[in-house]
Amino acid sequence: MTQPAIDARNADQVAYWNGPGGKHWTDRQQLQDIVLSPVSEVLIDRAAVKAGDTVIDIGCGCGATSFDLLHKVGPTGRVTGIDISEPMLGRARELAPKDAPVEFVLADATVHPFAPASTDMLFSRFGVMFFAQPSDSFANMRKALRPGGRLVFACWRTPRDNPWMMLGLQEAYKHVPKLPEMKPDDPGPFSFANEERVRRILGEAGFSGVGLERVDLSLDIATGRGLEAAIETILAIGPTSRALENQPSDKIEAVTQLIRTALAAHQKGDTVPLGGSIWIVTATNAA
Ligand SMILES: C[S@@+](CC[C@H](N)C(=O)[O-])C[C@H]1O[C@@H](n2cnc3c(N)ncnc32)[C@H](O)[C@@H]1O
């Protein structure tokens, strides 16, 4: 396969999403899509995609939102998912309905030579927070939009507003060293938490009419399968999984016990709902 052009500044992220990150997400694809389904629901609603539209799903991962979009654009539209992760795209291709107008392309959104003014919408569920120089990446992606085309994406608000991701990490830090401190602008899940930063990046990239809508959600990290399933979710993804990478089994067991106790306080039947909070960001390509 021809290797795509990669911006060297994104090399760490390319390695992560083709290594441990890609593995965690591919292994848990089905469950992860259930946990994040409340996000998809509100994001797809705000995107208001019409039959016949063409949409690019940036950082599409295993393809869940590309398939939601496909459903909306119908047989006369087209969805293109792009991502830098070979394993995640591999899963997306496996899941793609045969002969549907959807394709998956291995590409770095920062430098991919998008066909100019070719698409109605750039869309993303959590796939745009990992660029080393986001204003360059968004300026490149904007070239794909026709005049009047729209950008719609979801990103996480602050760690404090997302206990579903932070509860496990707080327990982990009682036994394992802290992750290297991240600066607020470093690529990562919370890099678009700051509203002013998002507005600045999109303005520099040439977008206009930027809007951010706060949406608070309840995410069932147990996917309706009880406390042990909720623990698996916490251990497998996000910052807790990063903090536990390469730790000895006794430490992992001690952290798991603390997480079990902490999650039990939130259990309701077979569900374990925890709070999550996102921005739905919208913007327009005026030119
Ligand atoms: C948190 S995952 C979200 C995946 C998917 N959108 C979902 O919601 O299931 C972030 C995704 O962004 C992709 N990504 C990160 N940097 C990228 C880049 N420069 N170009 C394209 N995709 C990128 C990763 O490979 C990964 O699939």
# chains A, B, ... in the order shown; residues from 1 in each chain; ligands from 1

call {"tool": "closest_atom_pairs", "arguments": {"of": "chain A", "to": "ligand 1", "cutoff": "8 Å", "atoms": "only C-alpha atoms and all ligand atoms", "output": "tab-separated table"}}
result
residue	atom	partner	partner_atom_place_in_ligand_line	distance
A:Ile6	CA	ligand 1	19 (N)	7.8
A:Asp7	CA	ligand 1	19 (N)	7.7
A:Asn10	CA	ligand 1	19 (N)	6.2
A:Gln13	CA	ligand 1	16 (N)	6.0
A:Val14	CA	ligand 1	16 (N)	6.7
A:Trp17	CA	ligand 1	25 (O)	4.7
A:Asn18	CA	ligand 1	25 (O)	7.2
A:Gly21	CA	ligand 1	26 (C)	7.9
A:Gly22	CA	ligand 1	25 (O)	6.8
A:Trp25	CA	ligand 1	2 (S)	7.6
A:Gln29	CA	ligand 1	9 (O)	7.5
A:Gln32	CA	ligand 1	9 (O)	7.3
A:Asp33	CA	ligand 1	9 (O)	6.5
A:Leu36	CA	ligand 1	8 (O)	7.5
A:Asp57	CA	ligand 1	6 (N)	7.6
A:Ile58	CA	ligand 1	21 (C)	6.0
A:Gly59	CA	ligand 1	22 (N)	3.6
A:Cys60	CA	ligand 1	6 (N)	4.0
A:Gly61	CA	ligand 1	27 (O)	3.5
A:Cys62	CA	ligand 1	9 (O)	6.0
A:Gly63	CA	ligand 1	5 (C)	6.6
A:Ala64	CA	ligand 1	9 (O)	6.1
A:Thr65	CA	ligand 1	8 (O)	6.8
A:Ile82	CA	ligand 1	21 (C)	5.8
A:Asp83	CA	ligand 1	22 (N)	3.6
A:Ile84	CA	ligand 1	22 (N)	4.6
A:Ser85	CA	ligand 1	25 (O)	4.4
A:Met88	CA	ligand 1	27 (O)	6.3
A:Leu89	CA	ligand 1	27 (O)	8.0
A:Leu106	CA	ligand 1	21 (C)	7.8
A:Ala107	CA	ligand 1	21 (C)	5.8
A:Asp108	CA	ligand 1	20 (N)	3.6
A:Ala109	CA	ligand 1	20 (N)	4.0
A:Thr110	CA	ligand 1	19 (N)	5.6
A:Ser124	CA	ligand 1	6 (N)	6.0
A:Arg125	CA	ligand 1	8 (O)	4.5
A:Phe126	CA	ligand 1	3 (C)	4.8
A:Gly127	CA	ligand 1	12 (O)	3.6
A:Val128	CA	ligand 1	12 (O)	6.3
A:Met129	CA	ligand 1	15 (C)	7.3
A:Phe130	CA	ligand 1	16 (N)	4.8
A:Phe131	CA	ligand 1	19 (N)	5.4
A:Ser137	CA	ligand 1	19 (N)	7.7
A:Pro189	CA	ligand 1	1 (C)	7.1

call {"tool": "write_last_selection", "arguments": {"atoms": "N, CA and C atoms", "output": "short mmCIF file (atom, residue, chain, number, x, y, z; two decimals), in the first residue's frame"}}
result
data_model
loop_
_atom_site.label_atom_id
_atom_site.label_comp_id
_atom_site.auth_asym_id
_atom_site.auth_seq_id
_atom_site.Cartn_x
_atom_site.Cartn_y
_atom_site.Cartn_z
N ILE A 6 2.60 12.33 5.72
CA ILE A 6 2.34 12.60 7.14
C ILE A 6 3.09 13.86 7.52
N ASP A 7 2.45 14.74 8.26
CA ASP A 7 3.14 15.90 8.82
C ASP A 7 4.04 15.38 9.95
N ASN A 10 3.15 15.45 13.55
CA ASN A 10 2.11 14.54 14.08
C ASN A 10 2.65 13.13 14.32
N GLN A 13 1.53 11.07 17.34
CA GLN A 13 0.13 10.64 17.28
C GLN A 13 -0.04 9.49 16.28
N VAL A 14 0.69 9.57 15.17
CA VAL A 14 0.62 8.48 14.18
C VAL A 14 1.07 7.18 14.85
N TRP A 17 -1.71 6.01 17.47
CA TRP A 17 -2.97 5.50 16.92
C TRP A 17 -2.74 4.27 16.04
N ASN A 18 -1.47 4.01 15.68
CA ASN A 18 -1.17 2.74 15.01
C ASN A 18 -0.63 1.71 16.01
N GLY A 21 -3.05 2.99 21.18
CA GLY A 21 -4.35 3.67 21.06
C GLY A 21 -5.24 2.97 20.06
N GLY A 22 -4.67 2.65 18.88
CA GLY A 22 -5.44 1.97 17.84
C GLY A 22 -5.91 0.61 18.31
N TRP A 25 -8.82 0.93 20.91
CA TRP A 25 -10.09 1.35 20.29
C TRP A 25 -10.64 0.25 19.38
N GLN A 29 -14.18 -1.62 19.95
CA GLN A 29 -14.98 -0.80 19.03
C GLN A 29 -16.48 -0.84 19.33
N GLN A 32 -17.28 0.68 22.76
CA GLN A 32 -16.98 2.11 22.74
C GLN A 32 -18.08 2.88 22.00
N ASP A 33 -18.56 2.30 20.91
CA ASP A 33 -19.61 2.96 20.15
C ASP A 33 -20.92 3.02 20.94
N LEU A 36 -20.40 5.84 23.55
CA LEU A 36 -20.41 7.18 22.94
C LEU A 36 -21.67 7.46 22.11
N ASP A 57 -15.55 12.55 7.10
CA ASP A 57 -15.51 12.26 8.54
C ASP A 57 -14.03 12.22 8.94
N ILE A 58 -13.59 13.27 9.65
CA ILE A 58 -12.17 13.42 9.97
C ILE A 58 -11.82 12.59 11.22
N GLY A 59 -10.76 11.81 11.14
CA GLY A 59 -10.39 10.95 12.27
C GLY A 59 -11.51 9.98 12.57
N CYS A 60 -11.98 9.32 11.51
CA CYS A 60 -13.21 8.50 11.58
C CYS A 60 -13.03 7.23 12.40
N GLY A 61 -11.78 6.85 12.70
CA GLY A 61 -11.55 5.65 13.50
C GLY A 61 -12.17 4.41 12.88
N CYS A 62 -12.93 3.66 13.68
CA CYS A 62 -13.53 2.40 13.21
C CYS A 62 -14.82 2.63 12.43
N GLY A 63 -15.20 3.89 12.22
CA GLY A 63 -16.24 4.20 11.22
C GLY A 63 -17.65 4.39 11.73
N ALA A 64 -17.88 4.34 13.06
CA ALA A 64 -19.27 4.40 13.56
C ALA A 64 -20.02 5.61 13.01
N THR A 65 -19.40 6.79 13.11
CA THR A 65 -20.14 7.99 12.68
C THR A 65 -20.22 8.06 11.15
N ILE A 82 -11.56 9.65 6.84
CA ILE A 82 -10.09 9.63 6.76
C ILE A 82 -9.51 9.48 8.16
N ASP A 83 -8.38 8.81 8.23
CA ASP A 83 -7.76 8.55 9.53
C ASP A 83 -6.31 8.13 9.31
N ILE A 84 -5.48 8.34 10.34
CA ILE A 84 -4.08 7.93 10.26
C ILE A 84 -3.85 6.53 10.82
N SER A 85 -4.89 5.89 11.36
CA SER A 85 -4.71 4.60 12.03
C SER A 85 -5.08 3.45 11.11
N MET A 88 -7.59 0.86 12.84
CA MET A 88 -8.96 1.36 13.01
C MET A 88 -9.67 1.43 11.65
N LEU A 89 -8.94 1.87 10.61
CA LEU A 89 -9.54 1.89 9.27
C LEU A 89 -9.84 0.48 8.79
N LEU A 106 -6.58 6.21 4.28
CA LEU A 106 -5.49 6.41 5.23
C LEU A 106 -4.82 7.74 4.91
N ALA A 107 -4.96 8.72 5.79
CA ALA A 107 -4.44 10.06 5.47
C ALA A 107 -4.32 10.90 6.74
N ASP A 108 -3.33 11.78 6.73
CA ASP A 108 -3.17 12.78 7.80
C ASP A 108 -3.93 14.03 7.36
N ALA A 109 -4.95 14.41 8.13
CA ALA A 109 -5.81 15.55 7.73
C ALA A 109 -5.02 16.84 7.58
N THR A 110 -3.84 16.91 8.20
CA THR A 110 -3.04 18.14 8.15
C THR A 110 -2.48 18.39 6.76
N SER A 124 -16.67 15.53 12.53
CA SER A 124 -15.79 14.67 13.34
C SER A 124 -16.37 14.43 14.74
N ARG A 125 -16.25 13.18 15.19
CA ARG A 125 -16.51 12.86 16.60
C ARG A 125 -15.14 12.59 17.23
N PHE A 126 -14.60 13.57 17.91
CA PHE A 126 -13.36 13.44 18.69
C PHE A 126 -12.13 13.09 17.86
N GLY A 127 -12.14 13.45 16.56
CA GLY A 127 -10.98 13.12 15.72
C GLY A 127 -10.10 14.31 15.37
N VAL A 128 -10.39 15.50 16.00
CA VAL A 128 -9.64 16.70 15.56
C VAL A 128 -8.80 17.32 16.67
N MET A 129 -8.63 16.61 17.80
CA MET A 129 -7.93 17.24 18.93
C MET A 129 -6.46 16.80 19.03
N PHE A 130 -5.99 16.12 17.99
CA PHE A 130 -4.67 15.48 18.09
C PHE A 130 -3.65 16.06 17.12
N PHE A 131 -3.95 17.22 16.52
CA PHE A 131 -3.03 17.83 15.56
C PHE A 131 -1.98 18.67 16.31
N SER A 137 -3.84 22.42 10.21
CA SER A 137 -4.67 21.27 9.83
C SER A 137 -6.05 21.73 9.37
N PRO A 189 -7.02 14.52 24.29
CA PRO A 189 -8.48 14.59 24.36
C PRO A 189 -9.03 15.93 24.84
#

call {"tool": "residues_around", "arguments": {"residues": "Ala154 of chain A", "least_positions_apart": "6", "cutoff": "12 Å", "atoms": "only C-alpha atoms", "output": "ChimeraX atom specification"}}
result
/A:36,38-47,57-59,65,122-129,189-190,192-193,198,211-216,277-282

call {"tool": "closest_residue", "arguments": {"among": "A:Gln133, A:Ile234, A:Tyr173, A:Arg242", "to": "Asp186 of chain A", "atoms": "only C-alpha atoms"}}
result
A:Gln133

call {"tool": "residues_around", "arguments": {"residues": "Gln257 of chain A", "least_positions_apart": "3", "cutoff": "12 Å", "atoms": "only C-alpha atoms", "output": "PDB file with C-alpha atoms, in the first residue's frame"}}
result
ATOM      1  CA  GLY A 168     -10.293   6.097  37.151  1.00  0.00           C
ATOM      2  CA  GLU A 171      -7.823   6.261  41.758  1.00  0.00           C
ATOM      3  CA  ALA A 172      -4.842   5.111  39.657  1.00  0.00           C
ATOM      4  CA  LYS A 174      -2.942   6.438  44.490  1.00  0.00           C
ATOM      5  CA  HIS A 175      -0.677   3.601  43.252  1.00  0.00           C
ATOM      6  CA  LEU A 227     -20.080  -3.135  37.418  1.00  0.00           C
ATOM      7  CA  GLU A 228     -17.294  -5.357  36.038  1.00  0.00           C
ATOM      8  CA  ILE A 231     -14.364  -1.304  35.271  1.00  0.00           C
ATOM      9  CA  GLU A 232     -13.183  -2.768  31.938  1.00  0.00           C
ATOM     10  CA  LEU A 235      -9.126   0.364  32.407  1.00  0.00           C
ATOM     11  CA  ASP A 250      -0.100  -6.062  41.696  1.00  0.00           C
ATOM     12  CA  LYS A 251      -0.438  -2.315  41.137  1.00  0.00           C
ATOM     13  CA  ILE A 252      -3.044  -2.818  38.436  1.00  0.00           C
ATOM     14  CA  GLU A 253      -4.994  -5.091  40.789  1.00  0.00           C
ATOM     15  CA  ALA A 254      -4.824  -2.515  43.615  1.00  0.00           C
ATOM     16  CA  ARG A 260     -14.509  -0.963  41.731  1.00  0.00           C
ATOM     17  CA  THR A 261     -15.348   0.754  45.038  1.00  0.00           C
ATOM     18  CA  ALA A 262     -15.583   4.199  43.436  1.00  0.00           C
ATOM     19  CA  LEU A 263     -17.837   2.986  40.599  1.00  0.00           C
ATOM     20  CA  ALA A 264     -20.112   0.992  42.920  1.00  0.00           C
TER      21      ALA A 264
END

call {"tool": "closest_residue", "arguments": {"among": "A:Ser191, A:Asn285, A:Ser208, A:Thr271", "to": "Arg150 of chain A", "atoms": "only C-alpha atoms"}}
result
A:Asn285

call {"tool": "select_by_dssp", "arguments": {"residues": "segment 81-175 of chain A", "states": "helix (DSSP H, G or I)", "output": "VMD selection string"}}
result
chain A and resid 86 to 95 134 to 142 159 to 161 163 to 172

call {"tool": "closest_residue", "arguments": {"among": "A:Lys72, A:His112, A:Ala117, A:Met166", "to": "Gln3 of chain A", "atoms": "only C-alpha atoms"}}
result
A:His112

call {"tool": "closest_residue", "arguments": {"among": "A:Ala230, A:Pro4, A:Ser218, A:Ser66", "to": "Asp161 of chain A", "atoms": "only C-alpha atoms"}}
result
A:Ser218

call {"tool": "select_by_dssp", "arguments": {"residues": "segment 19-98 of chain A", "states": "strand (DSSP E or B)", "output": "list in words"}}
result
Thr54, Val55, Ile56, Asp57, Ile58, Arg78, Val79, Thr80, Gly81, Ile82 and Asp83 of chain A

call {"tool": "write_last_selection", "arguments": {"atoms": "C-alpha atoms", "output": "compact mmCIF listing (two decimals), in the first residue's frame"}}
result
# COMPACT_ATOMS: atom_id res chain seq x y z
CA THR A 54 -21.05 14.74 0.56
CA VAL A 55 -19.34 14.51 3.95
CA ILE A 56 -15.77 13.92 5.10
CA ASP A 57 -15.51 12.26 8.54
CA ILE A 58 -12.17 13.42 9.97
CA ARG A 78 -21.12 10.15 -0.32
CA VAL A 79 -19.15 9.73 2.93
CA THR A 80 -15.36 9.63 3.06
CA GLY A 81 -13.73 8.67 6.36
CA ILE A 82 -10.09 9.63 6.76
CA ASP A 83 -7.76 8.55 9.53
